[in-house]
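Next comes target-v5.pdb, a file with PDB, C-alpha atoms.
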```pdb
ATOM      1  CA  MET A  11     291.028 145.799 170.815
ATOM      2  CA  ASN A  12     291.531 142.081 171.517
ATOM      3  CA  PHE A  13     294.791 140.463 172.612
ATOM      4  CA  VAL A  14     295.799 139.183 169.164
ATOM      5  CA  GLU A  15     295.280 142.602 167.592
ATOM      6  CA  GLU A  16     297.154 144.324 170.412
ATOM      7  CA  LEU A  17     300.086 141.955 170.046
ATOM      8  CA  LYS A  18     300.098 142.383 166.261
ATOM      9  CA  GLN A  19     300.264 146.164 166.651
ATOM     10  CA  LYS A  20     303.119 145.766 169.124
ATOM     11  CA  VAL A  21     305.095 143.705 166.601
ATOM     12  CA  LEU A  22     304.317 146.110 163.747
ATOM     13  CA  ALA A  23     305.705 148.903 165.926
ATOM     14  CA  GLY A  24     308.973 147.020 166.386
ATOM     15  CA  GLY A  25     308.275 145.298 169.685
ATOM     16  CA  LYS A  26     309.243 141.737 170.560
ATOM     17  CA  VAL A  27     306.752 139.133 171.719
ATOM     18  CA  THR A  28     307.653 137.750 175.146
ATOM     19  CA  ARG A  29     307.479 134.121 176.208
ATOM     20  CA  GLU A  30     304.413 134.839 178.319
ATOM     21  CA  GLU A  31     302.647 136.572 175.415
ATOM     22  CA  ALA A  32     303.480 133.713 173.062
ATOM     23  CA  LEU A  33     302.007 131.222 175.525
ATOM     24  CA  GLU A  34     298.784 133.253 175.610
ATOM     25  CA  LEU A  35     298.508 132.773 171.839
ATOM     26  CA  VAL A  36     298.127 129.029 172.417
ATOM     27  CA  SER A  37     294.510 129.522 173.492
ATOM     28  CA  VAL A  38     293.262 132.374 171.274
ATOM     29  CA  PRO A  39     290.857 131.717 168.363
ATOM     30  CA  LEU A  40     292.832 130.088 165.535
ATOM     31  CA  GLU A  41     291.362 131.997 162.605
ATOM     32  CA  ALA A  42     292.079 135.379 164.188
ATOM     33  CA  LEU A  43     295.605 134.276 165.042
ATOM     34  CA  SER A  44     296.260 132.949 161.528
ATOM     35  CA  GLN A  45     294.975 136.119 159.889
ATOM     36  CA  ALA A  46     297.111 138.341 162.119
ATOM     37  CA  ALA A  47     300.199 136.182 161.460
ATOM     38  CA  ASP A  48     299.584 136.408 157.712
ATOM     39  CA  GLU A  49     299.343 140.186 157.991
ATOM     40  CA  LEU A  50     302.661 140.258 159.835
ATOM     41  CA  ARG A  51     304.198 138.071 157.137
ATOM     42  CA  GLU A  52     302.953 140.381 154.419
ATOM     43  CA  HIS A  53     304.158 143.506 156.243
ATOM     44  CA  PHE A  54     307.673 142.263 157.016
ATOM     45  CA  CYS A  55     308.325 139.917 154.083
ATOM     46  CA  GLY A  56     305.888 140.798 151.313
ATOM     47  CA  ASP A  57     304.702 138.096 148.924
ATOM     48  CA  ARG A  58     308.136 136.703 148.054
ATOM     49  CA  PHE A  59     308.432 132.997 148.813
ATOM     50  CA  ASP A  60     311.680 131.190 149.644
ATOM     51  CA  LEU A  61     311.843 127.713 148.089
ATOM     52  CA  CYS A  62     314.762 125.329 148.618
ATOM     53  CA  THR A  63     315.482 121.655 148.031
ATOM     54  CA  ILE A  64     317.667 119.142 149.848
ATOM     55  CA  VAL A  65     319.792 116.223 148.719
ATOM     56  CA  ASN A  66     320.796 113.281 150.875
ATOM     57  CA  GLY A  67     324.508 113.785 150.295
ATOM     58  CA  LYS A  68     325.641 110.939 152.564
ATOM     59  CA  CYS A  69     323.187 108.313 153.737
ATOM     60  CA  GLY A  70     322.739 105.888 156.616
ATOM     61  CA  LYS A  71     324.712 104.289 159.438
ATOM     62  CA  CYS A  72     324.607 107.410 161.579
ATOM     63  CA  SER A  73     326.262 107.167 164.988
ATOM     64  CA  GLU A  74     323.710 109.489 166.607
ATOM     65  CA  ASP A  75     320.582 108.158 168.338
ATOM     66  CA  CYS A  76     318.028 110.817 167.309
ATOM     67  CA  LYS A  77     314.781 108.977 167.994
ATOM     68  CA  TYR A  78     312.957 110.221 164.877
ATOM     69  CA  CYS A  79     315.549 109.247 162.290
ATOM     70  CA  ALA A  80     315.524 106.300 159.862
ATOM     71  CA  GLN A  81     319.264 106.741 159.277
ATOM     72  CA  SER A  82     320.322 106.134 162.871
ATOM     73  CA  ALA A  83     322.389 102.960 163.299
ATOM     74  CA  HIS A  84     320.705 102.525 166.681
ATOM     75  CA  TYR A  85     317.355 101.450 165.168
ATOM     76  CA  HIS A  86     316.170  98.779 162.746
ATOM     77  CA  THR A  87     314.143 100.459 160.017
ATOM     78  CA  SER A  88     313.305  99.589 156.426
ATOM     79  CA  LEU A  89     316.040 101.942 155.205
ATOM     80  CA  GLU A  90     318.753  99.648 153.914
ATOM     81  CA  GLU A  91     320.499 102.134 151.642
ATOM     82  CA  SER A  92     323.837 103.479 152.801
ATOM     83  CA  TYR A  93     326.459 105.348 150.810
ATOM     84  CA  PRO A  94     329.404 107.718 151.314
ATOM     85  CA  LEU A  95     329.528 111.365 150.341
ATOM     86  CA  LEU A  96     328.198 111.842 146.816
ATOM     87  CA  SER A  97     330.668 112.716 144.092
ATOM     88  CA  THR A  98     331.062 116.218 142.721
ATOM     89  CA  GLU A  99     329.543 115.064 139.433
ATOM     90  CA  GLU A 100     326.399 113.754 141.162
ATOM     91  CA  LEU A 101     325.967 116.877 143.288
ATOM     92  CA  VAL A 102     326.470 119.240 140.339
ATOM     93  CA  LYS A 103     323.929 117.280 138.298
ATOM     94  CA  GLY A 104     321.356 117.530 141.091
ATOM     95  CA  ALA A 105     322.030 121.228 141.595
ATOM     96  CA  ALA A 106     321.587 121.926 137.879
ATOM     97  CA  GLU A 107     318.238 120.120 137.802
ATOM     98  CA  ASN A 108     316.972 122.128 140.755
ATOM     99  CA  LYS A 109     318.211 125.386 139.270
ATOM    100  CA  ARG A 110     316.347 124.540 136.055
ATOM    101  CA  GLN A 111     313.134 124.085 138.038
ATOM    102  CA  GLY A 112     313.428 127.540 139.590
ATOM    103  CA  VAL A 113     314.759 126.672 143.054
ATOM    104  CA  LEU A 114     316.650 129.361 144.997
ATOM    105  CA  ARG A 115     318.824 127.194 147.253
ATOM    106  CA  TYR A 116     320.222 123.661 147.129
ATOM    107  CA  SER A 117     321.004 122.119 150.504
ATOM    108  CA  ILE A 118     323.431 119.227 150.885
ATOM    109  CA  VAL A 119     322.593 117.153 153.989
ATOM    110  CA  THR A 120     324.807 114.380 155.344
ATOM    111  CA  SER A 121     324.293 111.696 157.966
ATOM    112  CA  GLY A 122     326.660 111.235 160.879
ATOM    113  CA  ARG A 123     327.845 113.333 163.801
ATOM    114  CA  LYS A 124     329.958 115.472 161.462
ATOM    115  CA  LEU A 125     331.977 115.222 158.272
ATOM    116  CA  SER A 126     335.647 114.327 158.592
ATOM    117  CA  ASP A 127     338.315 116.803 157.493
ATOM    118  CA  GLN A 128     338.793 114.824 154.277
ATOM    119  CA  GLU A 129     335.049 114.857 153.604
ATOM    120  CA  VAL A 130     334.927 118.610 154.217
ATOM    121  CA  ASP A 131     337.652 119.092 151.599
ATOM    122  CA  GLN A 132     335.719 116.904 149.147
ATOM    123  CA  ALA A 133     332.531 118.858 149.858
ATOM    124  CA  CYS A 134     334.380 122.122 149.217
ATOM    125  CA  GLU A 135     335.374 120.860 145.768
ATOM    126  CA  SER A 136     331.747 120.032 145.029
ATOM    127  CA  ILE A 137     330.495 123.397 146.254
ATOM    128  CA  ARG A 138     333.028 125.261 144.114
ATOM    129  CA  ALA A 139     331.884 123.293 141.085
ATOM    130  CA  ILE A 140     328.216 123.952 141.837
ATOM    131  CA  ARG A 141     328.797 127.672 142.217
ATOM    132  CA  GLU A 142     330.934 127.896 139.071
ATOM    133  CA  GLN A 143     328.882 125.624 136.815
ATOM    134  CA  VAL A 144     325.331 126.131 138.118
ATOM    135  CA  GLY A 145     325.218 129.317 140.169
ATOM    136  CA  ILE A 146     322.560 128.125 142.624
ATOM    137  CA  GLU A 147     322.887 129.083 146.317
ATOM    138  CA  VAL A 148     324.331 126.270 148.456
ATOM    139  CA  CYS A 149     323.372 125.412 152.032
ATOM    140  CA  VAL A 150     325.215 122.728 154.016
ATOM    141  CA  SER A 151     324.033 120.480 156.832
ATOM    142  CA  PHE A 152     327.214 118.622 157.745
ATOM    143  CA  GLY A 153     326.773 118.076 161.466
ATOM    144  CA  LEU A 154     328.650 119.511 164.422
ATOM    145  CA  LEU A 155     331.545 121.188 162.606
ATOM    146  CA  GLY A 156     333.788 123.919 163.980
ATOM    147  CA  GLU A 157     334.642 127.404 162.783
ATOM    148  CA  GLU A 158     337.683 126.376 160.726
ATOM    149  CA  ALA A 159     335.649 123.910 158.652
ATOM    150  CA  PHE A 160     332.893 126.469 158.165
ATOM    151  CA  ARG A 161     335.420 129.029 156.938
ATOM    152  CA  LYS A 162     336.599 126.538 154.314
ATOM    153  CA  LEU A 163     333.019 125.905 153.238
ATOM    154  CA  LYS A 164     332.259 129.616 152.996
ATOM    155  CA  GLU A 165     335.389 130.209 150.936
ATOM    156  CA  ALA A 166     334.264 127.414 148.616
ATOM    157  CA  GLY A 167     330.950 129.189 148.038
ATOM    158  CA  ALA A 168     328.476 127.940 150.653
ATOM    159  CA  SER A 169     326.257 130.709 151.997
ATOM    160  CA  ARG A 170     324.201 129.035 154.713
ATOM    161  CA  VAL A 171     324.531 126.357 157.396
ATOM    162  CA  HIS A 172     321.618 124.279 158.644
ATOM    163  CA  CYS A 173     321.603 122.706 162.106
ATOM    164  CA  ASN A 174     318.229 122.088 163.727
ATOM    165  CA  LEU A 175     317.736 122.628 167.447
ATOM    166  CA  GLU A 176     314.953 120.004 167.122
ATOM    167  CA  SER A 177     313.129 121.040 170.317
ATOM    168  CA  SER A 178     313.629 123.014 173.495
ATOM    169  CA  ARG A 179     316.695 122.698 175.712
ATOM    170  CA  ARG A 180     314.460 121.051 178.323
ATOM    171  CA  TYR A 181     313.096 118.385 175.995
ATOM    172  CA  PHE A 182     316.116 117.712 173.780
ATOM    173  CA  PRO A 183     317.618 114.961 176.028
ATOM    174  CA  GLN A 184     314.418 112.975 175.360
ATOM    175  CA  VAL A 185     315.137 113.189 171.625
ATOM    176  CA  CYS A 186     318.886 112.488 171.475
ATOM    177  CA  THR A 187     321.566 111.452 173.974
ATOM    178  CA  THR A 188     324.672 111.218 171.762
ATOM    179  CA  HIS A 189     325.166 114.970 171.465
ATOM    180  CA  THR A 190     323.974 117.958 173.468
ATOM    181  CA  TYR A 191     321.958 121.097 172.954
ATOM    182  CA  ASN A 192     325.042 123.165 173.720
ATOM    183  CA  GLU A 193     326.906 121.433 170.894
ATOM    184  CA  LYS A 194     324.145 122.417 168.482
ATOM    185  CA  ILE A 195     324.216 126.019 169.654
ATOM    186  CA  GLU A 196     327.996 126.165 169.382
ATOM    187  CA  THR A 197     327.770 124.795 165.828
ATOM    188  CA  LEU A 198     325.408 127.610 164.850
ATOM    189  CA  LYS A 199     327.620 130.222 166.515
ATOM    190  CA  ALA A 200     330.730 128.826 164.809
ATOM    191  CA  ALA A 201     328.995 129.096 161.439
ATOM    192  CA  GLN A 202     328.048 132.689 162.167
ATOM    193  CA  ARG A 203     331.594 133.554 163.216
ATOM    194  CA  ALA A 204     332.736 132.159 159.871
ATOM    195  CA  GLY A 205     330.410 134.608 158.114
ATOM    196  CA  LEU A 206     327.650 132.169 157.144
ATOM    197  CA  SER A 207     323.930 132.646 157.673
ATOM    198  CA  VAL A 208     322.164 129.950 159.686
ATOM    199  CA  CYS A 209     318.972 127.939 159.409
ATOM    200  CA  SER A 210     317.601 126.217 162.499
ATOM    201  CA  GLY A 211     314.228 124.934 163.631
ATOM    202  CA  GLY A 212     312.838 121.624 164.757
ATOM    203  CA  ILE A 213     310.351 118.798 164.550
ATOM    204  CA  LEU A 214     306.799 118.860 165.855
ATOM    205  CA  GLY A 215     305.242 115.712 167.241
ATOM    206  CA  LEU A 216     308.144 114.281 169.253
ATOM    207  CA  GLY A 217     306.079 114.359 172.433
ATOM    208  CA  GLU A 218     307.001 117.963 173.238
ATOM    209  CA  THR A 219     304.654 120.621 174.597
ATOM    210  CA  MET A 220     303.710 123.994 173.139
ATOM    211  CA  GLU A 221     306.067 125.512 175.703
ATOM    212  CA  ASP A 222     308.903 123.447 174.234
ATOM    213  CA  ARG A 223     308.083 124.667 170.730
ATOM    214  CA  ILE A 224     307.985 128.278 171.810
ATOM    215  CA  ASP A 225     311.215 127.948 173.814
ATOM    216  CA  MET A 226     312.943 126.427 170.783
ATOM    217  CA  VAL A 227     312.066 129.419 168.622
ATOM    218  CA  LEU A 228     313.001 131.859 171.372
ATOM    219  CA  THR A 229     316.447 130.234 171.413
ATOM    220  CA  ALA A 230     316.630 130.545 167.630
ATOM    221  CA  ARG A 231     315.641 134.202 167.913
ATOM    222  CA  GLU A 232     318.374 134.838 170.484
ATOM    223  CA  LEU A 233     320.858 133.349 168.026
ATOM    224  CA  GLY A 234     319.703 135.647 165.240
ATOM    225  CA  VAL A 235     318.211 132.848 163.137
ATOM    226  CA  LYS A 236     316.050 134.093 160.242
ATOM    227  CA  SER A 237     315.265 130.758 158.573
ATOM    228  CA  VAL A 238     313.220 128.396 160.757
ATOM    229  CA  PRO A 239     312.359 124.947 159.348
ATOM    230  CA  VAL A 240     309.144 123.509 160.776
ATOM    231  CA  ASN A 241     309.132 119.730 160.371
ATOM    232  CA  LEU A 242     306.090 117.588 161.045
ATOM    233  CA  LEU A 243     307.114 114.192 162.422
ATOM    234  CA  ASN A 244     306.566 111.386 159.929
ATOM    235  CA  PRO A 245     306.674 108.396 162.301
ATOM    236  CA  ILE A 246     309.169 105.861 160.938
ATOM    237  CA  PRO A 247     308.547 102.188 161.810
ATOM    238  CA  GLY A 248     311.453 100.853 163.819
ATOM    239  CA  THR A 249     312.243 104.154 165.534
ATOM    240  CA  PRO A 250     311.179 104.957 169.123
ATOM    241  CA  TYR A 251     308.652 107.456 167.736
ATOM    242  CA  GLU A 252     306.965 105.059 165.314
ATOM    243  CA  HIS A 253     303.641 105.254 167.195
ATOM    244  CA  ASN A 254     303.615 109.000 167.872
ATOM    245  CA  PRO A 255     300.399 110.682 166.709
ATOM    246  CA  ILE A 256     300.717 113.062 163.766
ATOM    247  CA  LEU A 257     299.827 116.698 164.463
ATOM    248  CA  THR A 258     296.628 117.969 162.886
ATOM    249  CA  GLU A 259     296.659 120.736 160.302
ATOM    250  CA  ASP A 260     295.070 123.149 162.791
ATOM    251  CA  GLU A 261     297.763 122.387 165.388
ATOM    252  CA  LEU A 262     300.443 123.077 162.797
ATOM    253  CA  ARG A 263     298.751 126.315 161.687
ATOM    254  CA  ARG A 264     298.738 127.558 165.270
ATOM    255  CA  VAL A 265     302.408 126.753 165.770
ATOM    256  CA  VAL A 266     303.375 128.429 162.478
ATOM    257  CA  ALA A 267     301.387 131.535 163.388
ATOM    258  CA  ILE A 268     303.012 131.798 166.824
ATOM    259  CA  PHE A 269     306.454 131.400 165.248
ATOM    260  CA  ARG A 270     305.628 134.303 162.907
ATOM    261  CA  PHE A 271     304.814 136.491 165.904
ATOM    262  CA  LEU A 272     308.139 135.530 167.489
ATOM    263  CA  ILE A 273     310.301 136.065 164.361
ATOM    264  CA  PRO A 274     308.166 138.411 162.232
ATOM    265  CA  ASP A 275     310.801 139.127 159.579
ATOM    266  CA  GLY A 276     312.046 135.556 159.165
ATOM    267  CA  ASN A 277     311.393 132.700 156.780
ATOM    268  CA  ILE A 278     309.094 130.277 158.579
ATOM    269  CA  ARG A 279     309.784 127.223 156.433
ATOM    270  CA  LEU A 280     307.535 124.168 156.184
ATOM    271  CA  ALA A 281     309.861 121.207 155.794
ATOM    272  CA  GLY A 282     309.671 117.444 156.344
ATOM    273  CA  GLY A 283     306.238 115.891 156.797
ATOM    274  CA  ARG A 284     304.389 118.535 154.791
ATOM    275  CA  GLY A 285     303.196 115.820 152.421
ATOM    276  CA  LEU A 286     301.143 114.381 155.294
ATOM    277  CA  LEU A 287     298.870 117.446 155.130
ATOM    278  CA  GLU A 288     295.837 117.194 152.885
ATOM    279  CA  ASP A 289     296.471 120.637 151.372
ATOM    280  CA  LYS A 290     300.300 120.190 151.371
ATOM    281  CA  GLY A 291     300.670 123.278 153.549
ATOM    282  CA  GLY A 292     298.434 125.701 151.664
ATOM    283  CA  ARG A 293     296.594 126.987 154.725
ATOM    284  CA  CYS A 294     299.837 127.265 156.683
ATOM    285  CA  PHE A 295     301.115 129.556 153.909
ATOM    286  CA  ARG A 296     298.228 131.825 154.862
ATOM    287  CA  SER A 297     298.976 131.507 158.580
ATOM    288  CA  GLY A 298     302.468 132.971 158.663
ATOM    289  CA  ALA A 299     304.673 130.497 156.766
ATOM    290  CA  ASN A 300     306.488 131.948 153.747
ATOM    291  CA  ALA A 301     309.094 129.334 152.845
ATOM    292  CA  ALA A 302     309.314 125.607 152.202
ATOM    293  CA  ILE A 303     311.546 122.710 151.366
ATOM    294  CA  SER A 304     310.306 121.254 148.094
ATOM    295  CA  GLY A 305     310.983 117.926 146.403
ATOM    296  CA  ASP A 306     311.848 114.729 148.246
ATOM    297  CA  MET A 307     313.031 114.745 151.840
ATOM    298  CA  LEU A 308     316.005 112.701 153.090
ATOM    299  CA  THR A 309     314.312 109.315 153.422
ATOM    300  CA  THR A 310     310.671 110.085 152.585
ATOM    301  CA  ALA A 311     308.831 111.327 149.519
ATOM    302  CA  GLY A 312     308.009 115.023 149.283
ATOM    303  CA  ILE A 313     306.109 117.304 146.907
ATOM    304  CA  THR A 314     307.367 118.150 143.441
ATOM    305  CA  VAL A 315     308.755 121.601 142.768
ATOM    306  CA  GLN A 316     306.268 122.062 139.933
ATOM    307  CA  ARG A 317     303.301 121.282 142.169
ATOM    308  CA  ASP A 318     304.582 123.649 144.831
ATOM    309  CA  GLN A 319     305.093 126.449 142.344
ATOM    310  CA  GLU A 320     301.572 126.038 140.993
ATOM    311  CA  MET A 321     300.110 126.129 144.522
ATOM    312  CA  LEU A 322     302.165 129.160 145.525
ATOM    313  CA  LYS A 323     301.186 131.066 142.406
ATOM    314  CA  GLY A 324     297.545 130.389 143.248
ATOM    315  CA  LEU A 325     298.145 131.817 146.727
ATOM    316  CA  GLY A 326     299.578 135.018 145.260
ATOM    317  CA  TYR A 327     303.231 134.366 146.058
ATOM    318  CA  THR A 328     306.247 135.054 143.868
ATOM    319  CA  VAL A 329     308.922 132.396 144.280
ATOM    320  CA  ARG A 330     312.326 133.996 144.878
ATOM    321  CA  LEU A 331     315.019 133.314 142.309
ATOM    322  CA  GLU A 332     317.734 135.413 143.979
TER     323      GLU A 332
END
```
Written form, structure tokens:
Amino acid sequence: MNFVEELKQKVLAGGKVTREEALELVSVPLEALSQAADELREHFCGDRFDLCTIVNGKCGKCSEDCKYCAQSAHYHTSLEESYPLLSTEELVKGAAENKRQGVLRYSIVTSGRKLSDQEVDQACESIRAIREQVGIEVCVSFGLLGEEAFRKLKEAGASRVHCNLESSRRYFPQVCTTHTYNEKIETLKAAQRAGLSVCSGGILGLGETMEDRIDMVLTARELGVKSVPVNLLNPIPGTPYEHNPILTEDELRRVVAIFRFLIPDGNIRLAGGRGLLEDKGGRCFRSGANAAISGDMLTTAGITVQRDQEMLKGLGYTVRLE
């Protein structure tokens, strides 16, 4: 029995993959790794697919210096649009359209370090209206909030909080200097204490190593994260990462497969940058990934929900509606 098969059997029996074992997967044959990861996905998660969409609920002029982001006020990019938190009417309208298209979860994402108390109250009004009028699940990505704010958001009807780790603890200071890794971790823990589920992953192609990627997911696993967004860097002109090379499809497949071994019962979610792939993620969805963000991203074009649903049906998936 080869190493990949041995490790797969260990996971099927309830064992956890160690850091050292995950690093060994970096050099095993890709096709064998992808097949084993897909088998783990099928065993732990079946053929149900988790599809969500995001809305840029507050855009631009962000105080943080994340080196990948077009919305950071620290860089001069082609993004000129800037607006405050969207109105309840606008957010409800967007939620209803996504619900009509068969999307499970609608995620409201805002720029800035965190929403103010007044903005949190406004967001709560919008979430209540979405839940009452539309019924779609609501996820929030409102920055580095505390437990009290998260309790308000949960009471309003939000069910999940998103806050990406972005990379490993070691590499994160190369990505952002205006907030810390500990602040991100505390945000996720505060959301959990408030009774919300959490979603946290990162971006590939920031200059990090495979060790950084694995360490990021090990941190997510320690935190009990079951939804792991996998973003592929789309280099934005004007940002410090504008000349970073884009990962190949095979590199992404390997990362996705390793993440499946590390969190076998989770949603490994292809997110930003998926449109850069020739097959829009199809082969990754047979290498361990079982979730995606559909539609447009925050500042870049994405893939339509209809196109995603057609592709997923062809792959044998059933898109979750509840």
Residue with smallest distance to A:Cys76 - pool A:Gly122, A:Gly104, A:Gly145, A:Gly298, counting all atoms listed in the file: A:Gly122
Hey, which of A:Cys72, A:Leu280, A:Ala47, A:Ala301 ends up closest to A:Glu91? Count only C-alpha atoms. A:Cys72
Could you list the residues chosen by the PyMOL selection byres ((chain A and resi 202) around 12) in this structure as number ranges by chain? A: 156-158, 160-161, 164, 169-173, 195-201, 203-209, 233-235
Proximity to A:Ser237 - best of A:Gly282, A:Gly25, A:Pro274, A:Gly326, all atoms listed in the file: A:Pro274
Give me the residues within 10 Å of stretch 240-256 of chain A as a count of residues only, counting all atoms listed in the file and dropping any in the same chain fewer than 4 places off. 46
Identify which of the residues A:Ser73, A:Lys323, A:Ala133, A:Ile224 lies closest to A:Glu31, counting only C-alpha atoms when measuring atom-to-atom distances.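 Result for the nearest residue to A:Glu31: A:Ile224.
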Check what the PyMOL selection byres ((chain A and resi 52) around 12) selects in the file above and give those residues as a count of residues only. 28
So that I can check the surroundings of A:Asp260, please list as a list of chain:residue names every protein, DNA and RNA residue that reaches within 12 Å of it, counting only C-alpha atoms and ignoring chain neighbours fewer than 4 positions away.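 The neighbour list is A:Val36, A:Pro39, A:Leu40, A:Glu41, A:Leu43, A:Ser44, A:Ile256, A:Arg264, A:Val265, A:Val266, A:Ala267, A:Leu287, A:Glu288, A:Asp289, A:Gly291, A:Gly292, A:Arg293, A:Cys294, A:Ser297.
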d(atom CA of A:Val119, atom CA of A:Met321) in Å: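 One can read the atom CA of A:Val119 to atom CA of A:Met321 distance as 26.0 Å.
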Quick check, in Å to one decimal: how far apart do atom CA of A:Ala139 and atom CA of A:Arg330 lie?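 Between atom CA of A:Ala139 and atom CA of A:Arg330 the gap works out to 22.6 Å.
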How would stretch 54-61 of chain A read, as a compact mmCIF listing (two decimals), keeping the file's coordinate frame, once all heavy atoms are built in?
```
# COMPACT_ATOMS: atom_id res chain seq x y z
N PHE A 54 306.21 142.37 156.86
CA PHE A 54 307.67 142.26 157.02
C PHE A 54 308.36 141.60 155.83
O PHE A 54 309.54 141.88 155.57
CB PHE A 54 308.01 141.49 158.29
CG PHE A 54 307.77 142.27 159.56
CD1 PHE A 54 306.61 142.09 160.30
CD2 PHE A 54 308.70 143.19 160.00
CE1 PHE A 54 306.39 142.81 161.47
CE2 PHE A 54 308.49 143.92 161.17
CZ PHE A 54 307.33 143.73 161.90
N CYS A 55 307.66 140.73 155.13
CA CYS A 55 308.32 139.92 154.08
C CYS A 55 307.71 140.07 152.70
O CYS A 55 308.30 139.59 151.72
CB CYS A 55 308.29 138.44 154.47
SG CYS A 55 308.99 138.08 156.10
N GLY A 56 306.54 140.69 152.61
CA GLY A 56 305.89 140.80 151.31
C GLY A 56 305.39 139.45 150.82
O GLY A 56 305.19 138.51 151.60
N ASP A 57 305.23 139.33 149.52
CA ASP A 57 304.70 138.10 148.92
C ASP A 57 305.79 137.25 148.26
O ASP A 57 305.50 136.38 147.45
CB ASP A 57 303.61 138.43 147.89
CG ASP A 57 302.34 138.93 148.57
OD1 ASP A 57 302.04 138.46 149.68
OD2 ASP A 57 301.67 139.80 147.99
N ARG A 58 307.05 137.51 148.61
CA ARG A 58 308.14 136.70 148.05
C ARG A 58 308.27 135.42 148.87
O ARG A 58 308.24 135.45 150.10
CB ARG A 58 309.45 137.48 148.06
CG ARG A 58 309.41 138.75 147.23
CD ARG A 58 310.76 139.43 147.19
NE ARG A 58 311.68 138.73 146.31
CZ ARG A 58 313.01 138.91 146.33
NH1 ARG A 58 313.56 139.74 147.20
NH2 ARG A 58 313.78 138.26 145.49
N PHE A 59 308.40 134.31 148.16
CA PHE A 59 308.43 133.00 148.81
C PHE A 59 309.79 132.36 148.61
O PHE A 59 310.33 132.35 147.50
CB PHE A 59 307.33 132.10 148.22
CG PHE A 59 307.02 130.89 149.05
CD1 PHE A 59 305.99 130.93 149.98
CD2 PHE A 59 307.75 129.73 148.92
CE1 PHE A 59 305.70 129.82 150.76
CE2 PHE A 59 307.48 128.61 149.69
CZ PHE A 59 306.45 128.65 150.62
N ASP A 60 310.35 131.79 149.66
CA ASP A 60 311.68 131.19 149.64
C ASP A 60 311.55 129.67 149.51
O ASP A 60 311.04 129.01 150.42
CB ASP A 60 312.41 131.57 150.94
CG ASP A 60 313.89 131.22 150.90
OD1 ASP A 60 314.22 130.02 150.93
OD2 ASP A 60 314.70 132.15 150.84
N LEU A 61 311.98 129.14 148.37
CA LEU A 61 311.84 127.71 148.09
C LEU A 61 313.23 127.09 147.96
O LEU A 61 314.08 127.58 147.21
CB LEU A 61 311.07 127.52 146.78
CG LEU A 61 310.40 126.17 146.54
CD1 LEU A 61 309.31 125.90 147.58
CD2 LEU A 61 309.80 126.13 145.14
```
